Amino acid sequence: MSLTTTQQLQLQHSSVRRFLPRPLDPGQLESLIRCGQAAATSSFIQAYSVIRVTRAEARAAIATAAGGQVWIEQAPEFLVFCADLRRIDGACRRAGKGALDGYSEHGLAAIVDVALMAQNVLLAAESQGLGGVFIGGIRNAPQVVVEQLGLPELVTPVFGMCLGWPDEANPVKPRMPVDYVLHQDSYRELSEQEVSGYDRVMADYYAGRGSNVKLSDWSSAVATAMQGKKREHMLEFLRARGFFRH
Ligand SMILES: Cc1cc2nc3c(=O)[nH]c(=O)nc-3n(C[C@H](O)[C@H](O)[C@H](O)COP(=O)(O)O)c2cc1C
């Protein structure tokens with residue numbers, strides 16, 4: 001089956017962390033955000049806010065908090081995507097229905113909303129020749145982000161995004177075969193051979209890519225990544241923000 005240009009664009013995605021010193025065109029950011037807002041949103045809650053970070057000190061503090069990710073300082077645009085229950089809390093109160101009370105379901109809905117919105121922003125950006133990368137590293141020290149950006153209660157930073165004109169083109173990272181992730185009727189566990197088959201694909205990718213060459217495969221890379229990013233402060237942080245209290 002032939003692919004549409006949208007599908008081709010989606011399949012060409014790779015994260016960009018090096019940018020040309022060239023700003024986005026006038027109005028371009030606003031148009032990307034509008035595309036983000038067009039994403040589906042649970043019960044039409046639109047539970048997101050995006051903070052465009054232009055202050056160099058704020059960028060530097062967040063880059064350090066995110067483990068020294070210099071592209072946060074260097075990218076023409078750095079956005080922080082927040083799950084935002086604040087406006088909805090206001091609507092509930094105005095309607096006489098009481099405060100939101102930090103239910104996990106509401107927090108999940110807001111986090112899903114902001115993720116869908118952000119992916120739309122990145123895809124729209126890529127369709128215009130821009131590149132970017134999500135920055136989950138802001139959750140290393142999310143309180144720094146709250147303080148730098150003046151985020152009120154019921155607004156929590158979920159991830160950042162660097163955007164700009166690419167100064168690098170990374171090879172596309174091979175995803176798992178479709179039948180590893182598309183199950184029919186019931187869940188199917190992967191066999192050892194399937195896992196090691198994909199580990200070999202990723203080992204070849206890591207060994208052969210132009211930069212950041214490493215001796216690794218999918219299983220060891222994700223094991224290291226996940227064990228290194230437990231971020232044990234997150235539950236307490238989210239609860240303090242008014243999320244996941246019940
Ligand atoms: C929510 C999220 C958080 C991420 N956080 C970071 C990050 O902090 N720093 C970074 O360099 N890349 C980050 N990435 C990019 C991933 O490492 C990247 O998407 C993944 O390795 C696949 O590579 P690709 O995007 O080039 O296909 C993040 C991606 C997502 C979706």
# chains A, B, ... in the order shown; residues from 1 in each chain; ligands from 1
$ residues_around --residues "Arg34 (chain A)" --least-positions-apart "2" --cutoff "12 Å" --atoms "only C-alpha atoms" --output "compact mmCIF listing (two decimals) with N, CA and C atoms, in the first residue's frame"
# COMPACT_ATOMS: atom_id res chain seq x y z
N GLY A 27 5.08 34.28 13.39
CA GLY A 27 3.78 33.60 13.42
C GLY A 27 3.87 32.08 13.36
N GLN A 28 5.09 31.57 13.12
CA GLN A 28 5.21 30.11 12.92
C GLN A 28 4.89 29.35 14.21
N LEU A 29 5.41 29.83 15.33
CA LEU A 29 5.16 29.13 16.59
C LEU A 29 3.66 29.09 16.90
N GLU A 30 3.00 30.23 16.72
CA GLU A 30 1.56 30.30 17.01
C GLU A 30 0.80 29.30 16.13
N SER A 31 1.24 29.19 14.85
CA SER A 31 0.55 28.27 13.95
C SER A 31 0.79 26.82 14.38
N LEU A 32 1.98 26.52 14.89
CA LEU A 32 2.25 25.15 15.39
C LEU A 32 1.39 24.84 16.61
N GLY A 36 -1.38 21.97 17.38
CA GLY A 36 -1.40 21.16 18.60
C GLY A 36 -2.78 21.15 19.22
N GLN A 37 -3.40 22.31 19.25
CA GLN A 37 -4.74 22.43 19.87
C GLN A 37 -5.80 21.67 19.10
N ALA A 38 -5.50 21.35 17.84
CA ALA A 38 -6.49 20.63 17.03
C ALA A 38 -6.56 19.16 17.41
N ALA A 39 -5.62 18.67 18.21
CA ALA A 39 -5.64 17.26 18.61
C ALA A 39 -6.91 16.96 19.40
N VAL A 50 1.19 25.68 27.47
CA VAL A 50 2.56 25.61 26.96
C VAL A 50 3.26 26.90 27.35
N MET A 117 -1.33 16.75 22.27
CA MET A 117 -1.19 18.09 21.74
C MET A 117 0.26 18.33 21.29
N ALA A 118 1.20 17.90 22.13
CA ALA A 118 2.62 18.14 21.84
C ALA A 118 3.07 17.36 20.61
N ASN A 120 1.28 16.60 18.09
CA ASN A 120 0.77 17.35 16.93
C ASN A 120 1.66 18.56 16.62
N VAL A 121 2.13 19.22 17.66
CA VAL A 121 3.02 20.38 17.46
C VAL A 121 4.30 19.93 16.76
N LEU A 122 4.89 18.84 17.24
CA LEU A 122 6.16 18.39 16.65
C LEU A 122 5.95 17.95 15.21
N ALA A 124 3.65 18.94 13.11
CA ALA A 124 3.42 20.14 12.29
C ALA A 124 4.76 20.83 12.03
N ALA A 125 5.60 20.90 13.06
CA ALA A 125 6.92 21.53 12.91
C ALA A 125 7.74 20.77 11.87
$ residues_near_ligand --ligand "ligand 1" --cutoff "9 Å" --atoms "only C-alpha atoms and all ligand atoms" --output "ChimeraX atom specification"
/A:12-17,66-67,69,71,115,119,132-139,158-161,170-175
$ residues_around --residues "Tyr206 (chain A)" --least-positions-apart "3" --cutoff "8 Å" --atoms "only C-alpha atoms" --output "list in words"
Met202, Ala203, Arg209, Asn212, Val213, Lys214, Leu215, Ser216 and Asp217 of chain A
$ closest_atom_pairs --of "region 126-202 of chain A" --to "region 3-9 of chain A" --cutoff "12 Å" --atoms "only C-alpha atoms" --output "Markdown table"
| residue | atom | partner | partner_atom | distance |
| --- | --- | --- | --- | --- |
| A:Glu126 | CA | A:Leu9 | CA | 7.5 |
| A:Ser127 | CA | A:Leu9 | CA | 6.9 |
| A:Gln128 | CA | A:Leu9 | CA | 10.3 |
| A:Gly129 | CA | A:Leu9 | CA | 10.2 |
| A:Leu130 | CA | A:Leu9 | CA | 11.9 |
| A:Gly131 | CA | A:Leu9 | CA | 11.8 |
| A:Val172 | CA | A:Leu9 | CA | 11.4 |
$ write_last_selection --atoms "C-alpha atoms" --output "compact mmCIF listing (two decimals), in the first residue's frame"
# COMPACT_ATOMS: atom_id res chain seq x y z
CA GLU A 126 8.52 18.64 11.03
CA SER A 127 6.13 19.19 8.13
CA GLN A 128 7.63 22.68 7.79
CA GLY A 129 11.24 21.45 7.85
CA LEU A 130 11.77 22.20 11.54
CA GLY A 131 13.09 19.62 13.96
CA VAL A 172 15.59 6.99 11.79
$ select_by_dssp --residues "region 28-181 of chain A" --states "alpha helix (DSSP H)" --output "MDAnalysis selection string"
chainID A and resid 28:37 56:65 71:74 86:94 104:127 142:149 178:181
$ residues_around --residues "Pro152 (chain A)" --least-positions-apart "6" --cutoff "12 Å" --atoms "only C-alpha atoms" --output "ChimeraX atom specification"
/A:49,82-87,143,145-146,240-242
$ closest_residue --among "A:Ala207, A:Ala60, A:Ala141, A:Ile51" --to "Val155 (chain A)" --atoms "only C-alpha atoms"
A:Ile51
$ closest_residue --among "A:Gly68, A:Pro142, A:Pro76, A:Pro26" --to "Arg231 (chain A)" --atoms "only C-alpha atoms"
A:Pro142
$ atom_distance --atom1 "CA of Arg52 (chain A)" --atom2 "CA of Leu79 (chain A)"
4.6 Å
$ closest_residue --among "A:Ala169, A:Leu123, A:Leu238, A:Leu100" --to "Gly210 (chain A)" --atoms "only C-alpha atoms"
A:Ala169
$ atom_distance --atom1 "CA of Gln193 (chain A)" --atom2 "CA of Pro177 (chain A)"
13.1 Å
$ closest_residue --among "A:Asp185, A:Asp179, A:Glu236, A:Asp89" --to "His106 (chain A)" --atoms "only C-alpha atoms"
A:Asp89
$ select_by_dssp --residues "region 8-233 of chain A" --states "strand (DSSP E or B)" --output "count of residues only"
30
